Amino acid sequence: MPLTDWIGRQESATDILRAEPVRALAAALDQPMAEWQAGAALPPLRHWLSFWAIAPRSGLGRDGHPRLGGFLPDVGAHWGRPARRMWAGSRVEFHAALALDAPASRVATIEAVSEKHGRSGGLVFVTVRQEISDATGRLCITDRHDIVYREDGSSQTQPEPAPADHSAELVFNADPTLLFRYSALTFNGHRIHYDRDYARAVEGYAGLVVHGPLLATLLADFAVAQQPQKRLAQFSFRGRRPVIDGQPFRLRAKAMPDRNDTLALWIMDAEGMLAMTAEAVFA
């Protein structure tokens, strides 16, 4: 069936936005844990710790993710050859606060599907809009995920040097233990984050890959630390280059000269290349 036939598909889920995983992630990141108790506002991007995609082991693909063809299109079957997938970025709007240890609901809708062919091989882009509401039905978060599928053996994009001008910087190093804990907290079975042999031999990475959402969470926290008196209203990010475990990277921020409510953010990897770009808008 054509890939565009997936546009408009929906799936719904309910969950409790438990405080315990939020505290566990704070511990994994060496952040204070005490403030994340029942009733406190869910910190930015921690909705990614809930609404797990639970599939039996027999329902997993070779990469450890739930097998495609249900909610998300089976791009590999469409191509007739294996496809690699990655979370390329998100655009998140925070409309209202969600409370920890309170119920919430999520409606996910496939908003767009497009296919391209270039020098690096076939590419398919899928945008999934996630709308998260509290128990009263009030819309609190709109999160658009951009997922990209690549052919096996396709080349990565050319690296780009990271900007040198910044107003704030934080050096971070993600070790295998942190990657394991984040995978566990998000029920993410993608083998590139914990199976070094698979990451190298099958998907062609230099080592274990640091989760894009984990990097985005670090950038969002870094942005909030720069503007502690303001509320984060929007956050968007785009992965530019994989970050590999054990290699120190730098979180950087710079105020936008013509938009005093906005921070430009990026990650510079150990080779000085741009690994992720982001933008935080405050209210």
# chains A, B, ... in the order shown; residues from 1 in each chain; ligands from 1
>>> residues_around(residues="Arg106 in chain A", least_positions_apart="4", cutoff="8 Å", atoms="only C-alpha atoms", output="PyMOL selection string")
chain A and resi 12-14+51+130-133
>>> write_last_selection(atoms="N, CA and C atoms", output="mmCIF file, in the first residue's frame")
data_model
loop_
_atom_site.group_PDB
_atom_site.id
_atom_site.type_symbol
_atom_site.label_atom_id
_atom_site.label_comp_id
_atom_site.auth_asym_id
_atom_site.auth_seq_id
_atom_site.Cartn_x
_atom_site.Cartn_y
_atom_site.Cartn_z
ATOM 1 N N SER A 12 -4.461 5.977 20.560
ATOM 2 C CA SER A 12 -4.682 6.675 21.824
ATOM 3 C C SER A 12 -4.120 5.848 22.974
ATOM 4 N N ALA A 13 -3.746 6.534 24.030
ATOM 5 C CA ALA A 13 -3.207 5.859 25.210
ATOM 6 C C ALA A 13 -3.484 6.710 26.437
ATOM 7 N N THR A 14 -3.546 6.060 27.570
ATOM 8 C CA THR A 14 -3.649 6.757 28.856
ATOM 9 C C THR A 14 -2.522 6.269 29.747
ATOM 10 N N PHE A 51 3.765 6.774 28.538
ATOM 11 C CA PHE A 51 3.126 6.278 27.311
ATOM 12 C C PHE A 51 4.057 5.325 26.548
ATOM 13 N N GLN A 130 1.583 14.445 18.535
ATOM 14 C CA GLN A 130 1.103 13.890 19.790
ATOM 15 C C GLN A 130 0.472 15.006 20.611
ATOM 16 N N GLU A 131 -0.762 14.803 21.024
ATOM 17 C CA GLU A 131 -1.486 15.768 21.850
ATOM 18 C C GLU A 131 -1.747 15.125 23.203
ATOM 19 N N ILE A 132 -1.223 15.755 24.248
ATOM 20 C CA ILE A 132 -1.300 15.194 25.595
ATOM 21 C C ILE A 132 -2.189 16.099 26.445
ATOM 22 N N SER A 133 -3.179 15.502 27.066
ATOM 23 C CA SER A 133 -4.164 16.241 27.851
ATOM 24 C C SER A 133 -4.206 15.712 29.272
#
>>> select_by_dssp(residues="range 122-251 of chain A", states="strand (DSSP E or B)", output="short mmCIF file (atom, residue, chain, number, x, y, z; two decimals) with N, CA, C and O atoms, in the first residue's frame")
data_model
loop_
_atom_site.label_atom_id
_atom_site.label_comp_id
_atom_site.auth_asym_id
_atom_site.auth_seq_id
_atom_site.Cartn_x
_atom_site.Cartn_y
_atom_site.Cartn_z
N GLY A 122 17.57 6.17 -0.39
CA GLY A 122 16.19 6.50 -0.11
C GLY A 122 15.98 7.05 1.28
O GLY A 122 16.66 6.66 2.24
N LEU A 123 15.03 7.97 1.40
CA LEU A 123 14.68 8.56 2.69
C LEU A 123 13.16 8.66 2.78
O LEU A 123 12.51 9.01 1.79
N VAL A 124 12.62 8.36 3.95
CA VAL A 124 11.21 8.58 4.21
C VAL A 124 11.09 9.38 5.50
O VAL A 124 11.71 9.04 6.51
N PHE A 125 10.30 10.45 5.45
CA PHE A 125 10.07 11.31 6.61
C PHE A 125 8.63 11.14 7.07
O PHE A 125 7.70 11.26 6.26
N VAL A 126 8.45 10.88 8.35
CA VAL A 126 7.12 10.72 8.94
C VAL A 126 7.00 11.71 10.10
O VAL A 126 7.87 11.76 10.98
N THR A 127 5.94 12.50 10.11
CA THR A 127 5.66 13.42 11.21
C THR A 127 4.47 12.89 11.99
O THR A 127 3.40 12.64 11.41
N VAL A 128 4.67 12.71 13.30
CA VAL A 128 3.61 12.24 14.19
C VAL A 128 3.28 13.35 15.18
O VAL A 128 4.17 13.81 15.91
N ARG A 129 2.03 13.79 15.18
CA ARG A 129 1.59 14.81 16.14
C ARG A 129 1.03 14.11 17.37
O ARG A 129 0.14 13.27 17.27
N GLN A 130 1.58 14.44 18.53
CA GLN A 130 1.10 13.89 19.79
C GLN A 130 0.47 15.01 20.61
O GLN A 130 1.11 16.04 20.85
N GLU A 131 -0.76 14.80 21.02
CA GLU A 131 -1.49 15.77 21.85
C GLU A 131 -1.75 15.13 23.20
O GLU A 131 -2.40 14.08 23.29
N ILE A 132 -1.22 15.75 24.25
CA ILE A 132 -1.30 15.19 25.59
C ILE A 132 -2.19 16.10 26.45
O ILE A 132 -1.96 17.31 26.51
N SER A 133 -3.18 15.50 27.07
CA SER A 133 -4.16 16.24 27.85
C SER A 133 -4.21 15.71 29.27
O SER A 133 -3.85 14.55 29.54
N ASP A 134 -4.66 16.55 30.20
CA ASP A 134 -4.80 16.11 31.58
C ASP A 134 -6.15 15.42 31.78
O ASP A 134 -6.91 15.20 30.82
N LEU A 139 -5.89 20.36 26.84
CA LEU A 139 -4.67 20.11 26.07
C LEU A 139 -3.50 20.80 26.75
O LEU A 139 -3.52 22.02 26.96
N CYS A 140 -2.47 20.05 27.08
CA CYS A 140 -1.32 20.60 27.80
C CYS A 140 -0.05 20.63 26.96
O CYS A 140 0.77 21.54 27.11
N ILE A 141 0.15 19.64 26.10
CA ILE A 141 1.37 19.57 25.28
C ILE A 141 0.99 19.13 23.87
O ILE A 141 0.21 18.19 23.70
N THR A 142 1.54 19.82 22.88
CA THR A 142 1.51 19.35 21.50
C THR A 142 2.95 19.07 21.09
O THR A 142 3.80 19.95 21.19
N ASP A 143 3.21 17.85 20.67
CA ASP A 143 4.58 17.41 20.38
C ASP A 143 4.59 16.75 19.00
O ASP A 143 3.97 15.71 18.80
N ARG A 144 5.26 17.39 18.06
CA ARG A 144 5.39 16.82 16.72
C ARG A 144 6.75 16.15 16.58
O ARG A 144 7.78 16.81 16.62
N HIS A 145 6.72 14.83 16.40
CA HIS A 145 7.95 14.05 16.20
C HIS A 145 8.24 13.95 14.71
O HIS A 145 7.35 13.65 13.91
N ASP A 146 9.48 14.14 14.35
CA ASP A 146 9.92 13.91 12.98
C ASP A 146 10.79 12.65 12.98
O ASP A 146 11.84 12.61 13.62
N ILE A 147 10.32 11.63 12.29
CA ILE A 147 11.02 10.34 12.21
C ILE A 147 11.54 10.18 10.80
O ILE A 147 10.83 10.47 9.82
N VAL A 148 12.79 9.74 10.67
CA VAL A 148 13.37 9.54 9.34
C VAL A 148 13.81 8.09 9.20
O VAL A 148 14.32 7.48 10.15
N TYR A 149 13.59 7.55 8.02
CA TYR A 149 14.00 6.19 7.67
C TYR A 149 15.04 6.29 6.56
O TYR A 149 14.83 7.01 5.57
N ARG A 150 16.13 5.53 6.73
CA ARG A 150 17.19 5.50 5.73
C ARG A 150 17.40 4.07 5.26
O ARG A 150 17.17 3.12 6.00
N GLU A 151 17.90 3.94 4.05
CA GLU A 151 18.29 2.62 3.56
C GLU A 151 19.52 2.13 4.30
O GLU A 151 20.37 2.92 4.71
N PRO A 161 30.84 22.26 11.03
CA PRO A 161 31.46 22.78 12.26
C PRO A 161 30.45 23.53 13.13
O PRO A 161 29.59 24.25 12.62
N ALA A 168 26.80 30.79 26.96
CA ALA A 168 26.83 29.83 28.07
C ALA A 168 27.24 28.47 27.52
O ALA A 168 26.94 28.14 26.37
N GLU A 169 27.90 27.68 28.37
CA GLU A 169 28.39 26.38 27.92
C GLU A 169 28.41 25.40 29.08
O GLU A 169 28.67 25.77 30.23
N LEU A 170 28.13 24.14 28.78
CA LEU A 170 28.21 23.06 29.76
C LEU A 170 28.79 21.84 29.07
O LEU A 170 28.32 21.45 28.00
N VAL A 171 29.81 21.25 29.68
CA VAL A 171 30.43 20.04 29.12
C VAL A 171 29.79 18.81 29.75
O VAL A 171 29.57 18.76 30.96
N PHE A 172 29.47 17.82 28.92
CA PHE A 172 28.80 16.62 29.40
C PHE A 172 29.42 15.41 28.72
O PHE A 172 29.94 15.50 27.60
N VAL A 209 25.20 4.95 20.53
CA VAL A 209 24.66 6.26 20.16
C VAL A 209 23.88 6.83 21.34
O VAL A 209 23.00 6.16 21.91
N LEU A 232 9.07 27.97 30.02
CA LEU A 232 9.37 27.45 28.69
C LEU A 232 8.05 27.21 27.96
O LEU A 232 7.22 26.41 28.39
N ALA A 233 7.86 27.90 26.84
CA ALA A 233 6.61 27.81 26.10
C ALA A 233 6.73 26.90 24.87
O ALA A 233 5.78 26.21 24.50
N GLN A 234 7.91 26.91 24.24
CA GLN A 234 8.13 26.08 23.05
C GLN A 234 9.57 25.58 23.07
O GLN A 234 10.48 26.30 23.51
N PHE A 235 9.75 24.38 22.58
CA PHE A 235 11.11 23.84 22.44
C PHE A 235 11.13 22.97 21.20
O PHE A 235 10.27 22.11 21.00
N SER A 236 12.12 23.20 20.35
CA SER A 236 12.28 22.38 19.15
C SER A 236 13.74 21.96 19.03
O SER A 236 14.64 22.66 19.48
N PHE A 237 13.95 20.79 18.45
CA PHE A 237 15.33 20.35 18.23
C PHE A 237 15.42 19.55 16.94
O PHE A 237 14.43 19.00 16.45
N ARG A 238 16.64 19.47 16.42
CA ARG A 238 16.92 18.69 15.23
C ARG A 238 18.27 18.00 15.40
O ARG A 238 19.27 18.67 15.70
N GLY A 239 18.29 16.69 15.24
CA GLY A 239 19.55 15.96 15.28
C GLY A 239 20.34 16.19 14.01
O GLY A 239 19.79 16.10 12.90
N ILE A 244 28.44 9.92 20.25
CA ILE A 244 28.86 8.57 20.65
C ILE A 244 29.24 8.56 22.13
O ILE A 244 29.79 9.52 22.66
N PHE A 249 30.94 16.13 25.05
CA PHE A 249 30.33 17.09 24.14
C PHE A 249 29.94 18.33 24.91
O PHE A 249 29.90 18.33 26.15
N ARG A 250 29.65 19.40 24.19
CA ARG A 250 29.38 20.70 24.82
C ARG A 250 27.99 21.20 24.47
O ARG A 250 27.63 21.25 23.29
N LEU A 251 27.21 21.52 25.50
CA LEU A 251 25.93 22.19 25.33
C LEU A 251 26.22 23.68 25.29
O LEU A 251 26.91 24.21 26.17
#
>>> closest_residue(among="A:Leu72, A:Ala201, A:Leu45, A:Leu208", to="Ala220 in chain A", atoms="only C-alpha atoms")
A:Leu45
>>> residues_around(residues="range 20-26 of chain A", least_positions_apart="6", cutoff="7 Å", atoms="only C-alpha atoms", output="list in words")
Pro32, Met33, Trp36, Arg46, Leu49 and Leu185 of chain A
>>> closest_atom_pairs(of="range 172-277 of chain A", to="range 81-91 of chain A", cutoff="12 Å", atoms="only C-alpha atoms", output="CSV")
residue,atom,partner,partner_atom,distance
A:Asn188,CA,A:Trp87,CA,12.0
A:His190,CA,A:Met86,CA,9.5
A:Arg191,CA,A:Arg84,CA,11.6
A:Ile192,CA,A:Met86,CA,10.2
A:His193,CA,A:Met86,CA,11.7
A:Ala199,CA,A:Arg84,CA,11.3
A:Val202,CA,A:Arg84,CA,9.8
A:Glu203,CA,A:Arg84,CA,7.6
A:Gly204,CA,A:Arg84,CA,10.8
A:Val209,CA,A:Met86,CA,10.9
A:Val210,CA,A:Met86,CA,11.8
A:His211,CA,A:Trp87,CA,8.8
A:Gly212,CA,A:Trp87,CA,6.8
A:Pro213,CA,A:Trp87,CA,8.0
A:Leu214,CA,A:Trp87,CA,11.3
A:Leu215,CA,A:Gly89,CA,10.8
A:Ala216,CA,A:Gly89,CA,8.7
A:Thr217,CA,A:Ser90,CA,11.4
A:Ala233,CA,A:Arg91,CA,11.1
A:Gln234,CA,A:Arg91,CA,7.5
A:Phe235,CA,A:Arg91,CA,6.1
A:Ser236,CA,A:Arg91,CA,4.2
A:Phe237,CA,A:Gly89,CA,5.2
A:Arg238,CA,A:Gly89,CA,4.3
A:Gly239,CA,A:Ala88,CA,5.3
A:Arg240,CA,A:Ala88,CA,8.1
A:Arg241,CA,A:Ala88,CA,9.8
A:Pro242,CA,A:Met86,CA,10.4
A:Ala275,CA,A:Ala88,CA,11.4
A:Met276,CA,A:Gly89,CA,9.1
A:Thr277,CA,A:Gly89,CA,9.4
>>> atom_distance(atom1="CA of Ala270 in chain A", atom2="CA of Pro159 in chain A")
12.4 Å
>>> closest_residue(among="A:Asp258, A:Glu93, A:Glu160, A:Asp101", to="Arg18 in chain A", atoms="only C-alpha atoms")
A:Asp101
>>> residues_around(residues="Arg231 in chain A", least_positions_apart="5", cutoff="12 Å", atoms="only C-alpha atoms", output="list in words")
Ala41, Pro43, Pro44, Glu93, Phe94, His95, Ala96, Ala97, Ala220, Asp221, Ala223, Val224, Ala225, Gln226, Asp261, Thr262, Ala280, Val281, Phe282 and Ala283 of chain A
>>> write_last_selection(atoms="N, CA, C and O atoms", output="mmCIF file, in the first residue's frame")
data_model
loop_
_atom_site.group_PDB
_atom_site.id
_atom_site.type_symbol
_atom_site.label_atom_id
_atom_site.label_comp_id
_atom_site.auth_asym_id
_atom_site.auth_seq_id
_atom_site.Cartn_x
_atom_site.Cartn_y
_atom_site.Cartn_z
ATOM 1 N N ALA A 41 4.702 20.156 39.044
ATOM 2 C CA ALA A 41 4.549 20.240 37.593
ATOM 3 C C ALA A 41 5.572 19.345 36.892
ATOM 4 O O ALA A 41 6.750 19.313 37.266
ATOM 5 N N PRO A 43 8.344 18.367 34.651
ATOM 6 C CA PRO A 43 9.375 19.195 34.008
ATOM 7 C C PRO A 43 9.410 18.971 32.499
ATOM 8 O O PRO A 43 8.929 17.946 31.994
ATOM 9 N N PRO A 44 9.978 19.919 31.754
ATOM 10 C CA PRO A 44 9.950 19.847 30.288
ATOM 11 C C PRO A 44 10.513 18.544 29.733
ATOM 12 O O PRO A 44 11.555 18.047 30.180
ATOM 13 N N GLU A 93 5.142 22.248 22.003
ATOM 14 C CA GLU A 93 4.481 23.426 22.565
ATOM 15 C C GLU A 93 3.920 23.052 23.942
ATOM 16 O O GLU A 93 3.203 22.055 24.066
ATOM 17 N N PHE A 94 4.245 23.854 24.947
ATOM 18 C CA PHE A 94 3.761 23.632 26.306
ATOM 19 C C PHE A 94 2.620 24.620 26.575
ATOM 20 O O PHE A 94 2.855 25.802 26.809
ATOM 21 N N HIS A 95 1.395 24.126 26.525
ATOM 22 C CA HIS A 95 0.224 24.991 26.682
ATOM 23 C C HIS A 95 -0.144 25.193 28.150
ATOM 24 O O HIS A 95 -0.548 26.290 28.555
ATOM 25 N N ALA A 96 -0.030 24.133 28.944
ATOM 26 C CA ALA A 96 -0.397 24.181 30.359
ATOM 27 C C ALA A 96 0.381 23.091 31.090
ATOM 28 O O ALA A 96 0.876 22.141 30.465
ATOM 29 N N ALA A 97 0.471 23.239 32.405
ATOM 30 C CA ALA A 97 1.265 22.303 33.201
ATOM 31 C C ALA A 97 0.515 20.994 33.412
ATOM 32 O O ALA A 97 -0.707 20.970 33.582
ATOM 33 N N ALA A 220 17.143 21.263 26.848
ATOM 34 C CA ALA A 220 15.995 21.966 27.425
ATOM 35 C C ALA A 220 16.284 22.368 28.872
ATOM 36 O O ALA A 220 15.974 23.495 29.290
ATOM 37 N N ASP A 221 16.877 21.465 29.648
ATOM 38 C CA ASP A 221 17.239 21.795 31.028
ATOM 39 C C ASP A 221 18.265 22.924 31.065
ATOM 40 O O ASP A 221 18.201 23.817 31.925
ATOM 41 N N ALA A 223 18.612 25.258 28.822
ATOM 42 C CA ALA A 223 17.917 26.498 28.472
ATOM 43 C C ALA A 223 17.154 27.059 29.663
ATOM 44 O O ALA A 223 17.211 28.267 29.943
ATOM 45 N N VAL A 224 16.440 26.194 30.380
ATOM 46 C CA VAL A 224 15.673 26.641 31.547
ATOM 47 C C VAL A 224 16.600 27.227 32.603
ATOM 48 O O VAL A 224 16.261 28.212 33.278
ATOM 49 N N ALA A 225 17.797 26.664 32.746
ATOM 50 C CA ALA A 225 18.755 27.187 33.725
ATOM 51 C C ALA A 225 19.224 28.592 33.368
ATOM 52 O O ALA A 225 19.604 29.369 34.252
ATOM 53 N N GLN A 226 19.165 28.936 32.079
ATOM 54 C CA GLN A 226 19.562 30.284 31.659
ATOM 55 C C GLN A 226 18.456 31.306 31.897
ATOM 56 O O GLN A 226 18.722 32.506 31.983
ATOM 57 N N ASP A 261 13.014 36.716 23.889
ATOM 58 C CA ASP A 261 12.356 35.603 24.571
ATOM 59 C C ASP A 261 12.853 34.246 24.083
ATOM 60 O O ASP A 261 12.303 33.212 24.455
ATOM 61 N N THR A 262 13.909 34.234 23.246
ATOM 62 C CA THR A 262 14.329 33.016 22.578
ATOM 63 C C THR A 262 15.821 32.764 22.759
ATOM 64 O O THR A 262 16.625 33.693 22.683
ATOM 65 N N ALA A 280 14.669 27.428 22.131
ATOM 66 C CA ALA A 280 13.785 27.502 23.287
ATOM 67 C C ALA A 280 13.128 28.872 23.313
ATOM 68 O O ALA A 280 13.815 29.898 23.252
ATOM 69 N N VAL A 281 11.799 28.885 23.394
ATOM 70 C CA VAL A 281 11.027 30.130 23.448
ATOM 71 C C VAL A 281 10.371 30.218 24.807
ATOM 72 O O VAL A 281 9.697 29.270 25.259
ATOM 73 N N PHE A 282 10.549 31.350 25.481
ATOM 74 C CA PHE A 282 10.041 31.529 26.843
ATOM 75 C C PHE A 282 8.880 32.537 26.863
ATOM 76 O O PHE A 282 8.773 33.399 25.998
ATOM 77 N N ALA A 283 8.034 32.379 27.856
ATOM 78 C CA ALA A 283 6.896 33.283 28.026
ATOM 79 C C ALA A 283 7.004 33.973 29.375
ATOM 80 O O ALA A 283 7.653 33.478 30.291
#
>>> atom_distance(atom1="CA of Gly69 in chain A", atom2="CA of Ser50 in chain A")
22.4 Å
>>> select_by_dssp(residues="range 169-227 of chain A", states="helix (DSSP H, G or I)", output="JSON, numbers by chain")
{"A": [176, 177, 178, 179, 180, 181, 182, 183, 184, 185, 186, 191, 192, 193, 196, 197, 198, 199, 200, 201, 212, 213, 214, 215, 216, 217, 218, 219, 220, 221, 222, 223, 224, 225, 226]}
>>> residues_around(residues="Leu179 in chain A", least_positions_apart="2", cutoff="8 Å", atoms="only C-alpha atoms", output="number ranges by chain")
A: 174-177, 181-183, 193-194, 210-211
>>> write_last_selection(atoms="N, CA, C and O atoms", output="PDB file, in the first residue's frame")
ATOM      1  N   ALA A 174      28.291  11.280  28.188  1.00  0.00           N
ATOM      2  CA  ALA A 174      27.290  10.228  28.400  1.00  0.00           C
ATOM      3  C   ALA A 174      27.974   8.860  28.343  1.00  0.00           C
ATOM      4  O   ALA A 174      28.512   8.474  27.303  1.00  0.00           O
ATOM      5  N   ASP A 175      27.964   8.149  29.467  1.00  0.00           N
ATOM      6  CA  ASP A 175      28.589   6.830  29.508  1.00  0.00           C
ATOM      7  C   ASP A 175      27.541   5.743  29.267  1.00  0.00           C
ATOM      8  O   ASP A 175      26.334   6.005  29.247  1.00  0.00           O
ATOM      9  N   PRO A 176      27.968   4.490  29.051  1.00  0.00           N
ATOM     10  CA  PRO A 176      27.008   3.414  28.775  1.00  0.00           C
ATOM     11  C   PRO A 176      25.970   3.212  29.870  1.00  0.00           C
ATOM     12  O   PRO A 176      24.831   2.824  29.582  1.00  0.00           O
ATOM     13  N   THR A 177      26.323   3.476  31.118  1.00  0.00           N
ATOM     14  CA  THR A 177      25.359   3.316  32.203  1.00  0.00           C
ATOM     15  C   THR A 177      24.208   4.303  32.054  1.00  0.00           C
ATOM     16  O   THR A 177      23.032   3.945  32.239  1.00  0.00           O
ATOM     17  N   ARG A 181      20.278   3.363  31.487  1.00  0.00           N
ATOM     18  CA  ARG A 181      19.220   3.830  32.385  1.00  0.00           C
ATOM     19  C   ARG A 181      18.151   4.615  31.617  1.00  0.00           C
ATOM     20  O   ARG A 181      16.952   4.467  31.880  1.00  0.00           O
ATOM     21  N   TYR A 182      18.568   5.440  30.653  1.00  0.00           N
ATOM     22  CA  TYR A 182      17.570   6.183  29.879  1.00  0.00           C
ATOM     23  C   TYR A 182      16.738   5.233  29.016  1.00  0.00           C
ATOM     24  O   TYR A 182      15.518   5.416  28.883  1.00  0.00           O
ATOM     25  N   SER A 183      17.382   4.226  28.433  1.00  0.00           N
ATOM     26  CA  SER A 183      16.623   3.236  27.669  1.00  0.00           C
ATOM     27  C   SER A 183      15.592   2.555  28.556  1.00  0.00           C
ATOM     28  O   SER A 183      14.446   2.322  28.143  1.00  0.00           O
ATOM     29  N   HIS A 193      21.691   1.850  21.305  1.00  0.00           N
ATOM     30  CA  HIS A 193      21.989   2.522  22.567  1.00  0.00           C
ATOM     31  C   HIS A 193      22.643   1.611  23.610  1.00  0.00           C
ATOM     32  O   HIS A 193      23.106   2.104  24.642  1.00  0.00           O
ATOM     33  N   TYR A 194      22.658   0.272  23.359  1.00  0.00           N
ATOM     34  CA  TYR A 194      23.243  -0.618  24.367  1.00  0.00           C
ATOM     35  C   TYR A 194      23.996  -1.810  23.781  1.00  0.00           C
ATOM     36  O   TYR A 194      24.759  -2.461  24.480  1.00  0.00           O
ATOM     37  N   VAL A 210      24.172   8.071  21.696  1.00  0.00           N
ATOM     38  CA  VAL A 210      23.423   8.751  22.749  1.00  0.00           C
ATOM     39  C   VAL A 210      22.042   9.108  22.190  1.00  0.00           C
ATOM     40  O   VAL A 210      21.931   9.655  21.092  1.00  0.00           O
ATOM     41  N   HIS A 211      20.983   8.800  22.944  1.00  0.00           N
ATOM     42  CA  HIS A 211      19.614   9.034  22.494  1.00  0.00           C
ATOM     43  C   HIS A 211      19.400  10.497  22.120  1.00  0.00           C
ATOM     44  O   HIS A 211      19.759  11.403  22.896  1.00  0.00           O
TER      45      HIS A 211
END
>>> closest_residue(among="A:Gln247, A:Asp197, A:Ile267, A:Leu17", to="Gln37 in chain A", atoms="only C-alpha atoms")
A:Leu17
>>> residues_around(residues="Ala264 in chain A", least_positions_apart="2", cutoff="8 Å", atoms="only C-alpha atoms", output="list in words")
Ala253, Lys254, Ala255, Met256, Thr262, Trp266, Thr277, Ala278, Glu279 and Ala280 of chain A
>>> write_last_selection(atoms="all heavy atoms", output="compact mmCIF listing (two decimals), in the first residue's frame")
# COMPACT_ATOMS: atom_id res chain seq x y z
N ALA A 253 24.58 27.79 24.42
CA ALA A 253 23.40 28.63 24.29
C ALA A 253 23.82 30.04 23.91
O ALA A 253 24.91 30.51 24.27
CB ALA A 253 22.60 28.66 25.59
N LYS A 254 22.90 30.71 23.18
CA LYS A 254 23.14 32.09 22.78
C LYS A 254 21.79 32.79 22.64
O LYS A 254 20.87 32.24 22.03
CB LYS A 254 23.90 32.14 21.45
CG LYS A 254 24.17 33.55 20.94
CD LYS A 254 24.85 33.52 19.58
CE LYS A 254 25.06 34.91 19.03
NZ LYS A 254 25.67 34.89 17.68
N ALA A 255 21.68 33.97 23.23
CA ALA A 255 20.44 34.74 23.09
C ALA A 255 20.28 35.21 21.66
O ALA A 255 21.25 35.54 20.97
CB ALA A 255 20.47 35.93 24.04
N MET A 256 19.03 35.23 21.18
CA MET A 256 18.74 35.72 19.84
C MET A 256 18.66 37.24 19.90
O MET A 256 17.85 37.79 20.66
CB MET A 256 17.43 35.14 19.34
CG MET A 256 17.40 33.62 19.33
SD MET A 256 18.38 32.90 18.01
CE MET A 256 17.27 33.13 16.62
N THR A 262 13.91 34.23 23.25
CA THR A 262 14.33 33.02 22.58
C THR A 262 15.82 32.76 22.76
O THR A 262 16.63 33.69 22.68
CB THR A 262 14.01 33.08 21.07
OG1 THR A 262 12.61 33.34 20.91
CG2 THR A 262 14.37 31.80 20.36
N TRP A 266 22.74 24.58 20.87
CA TRP A 266 23.31 23.54 20.03
C TRP A 266 24.26 22.68 20.85
O TRP A 266 24.65 23.03 21.97
CB TRP A 266 24.02 24.14 18.82
CG TRP A 266 25.20 25.02 19.09
CD1 TRP A 266 26.52 24.66 19.12
CD2 TRP A 266 25.18 26.44 19.36
NE1 TRP A 266 27.32 25.76 19.37
CE2 TRP A 266 26.52 26.86 19.52
CE3 TRP A 266 24.16 27.39 19.46
CZ2 TRP A 266 26.86 28.19 19.80
CZ3 TRP A 266 24.49 28.70 19.74
CH2 TRP A 266 25.83 29.10 19.90
N THR A 277 20.88 20.94 16.95
CA THR A 277 20.47 22.34 17.09
C THR A 277 19.11 22.37 17.78
O THR A 277 18.32 21.44 17.66
CB THR A 277 20.39 23.05 15.74
OG1 THR A 277 19.53 22.31 14.86
CG2 THR A 277 21.78 23.18 15.10
N ALA A 278 18.84 23.46 18.49
CA ALA A 278 17.57 23.58 19.20
C ALA A 278 17.23 25.05 19.38
O ALA A 278 18.08 25.94 19.23
CB ALA A 278 17.63 22.88 20.56
N GLU A 279 15.96 25.27 19.72
CA GLU A 279 15.49 26.62 20.01
C GLU A 279 14.50 26.55 21.16
O GLU A 279 13.61 25.69 21.17
CB GLU A 279 14.83 27.23 18.77
CG GLU A 279 14.39 28.68 18.96
CD GLU A 279 13.81 29.28 17.70
OE1 GLU A 279 14.60 29.69 16.82
OE2 GLU A 279 12.57 29.32 17.57
N ALA A 280 14.67 27.43 22.13
CA ALA A 280 13.78 27.50 23.29
C ALA A 280 13.13 28.87 23.31
O ALA A 280 13.82 29.90 23.25
CB ALA A 280 14.57 27.26 24.58
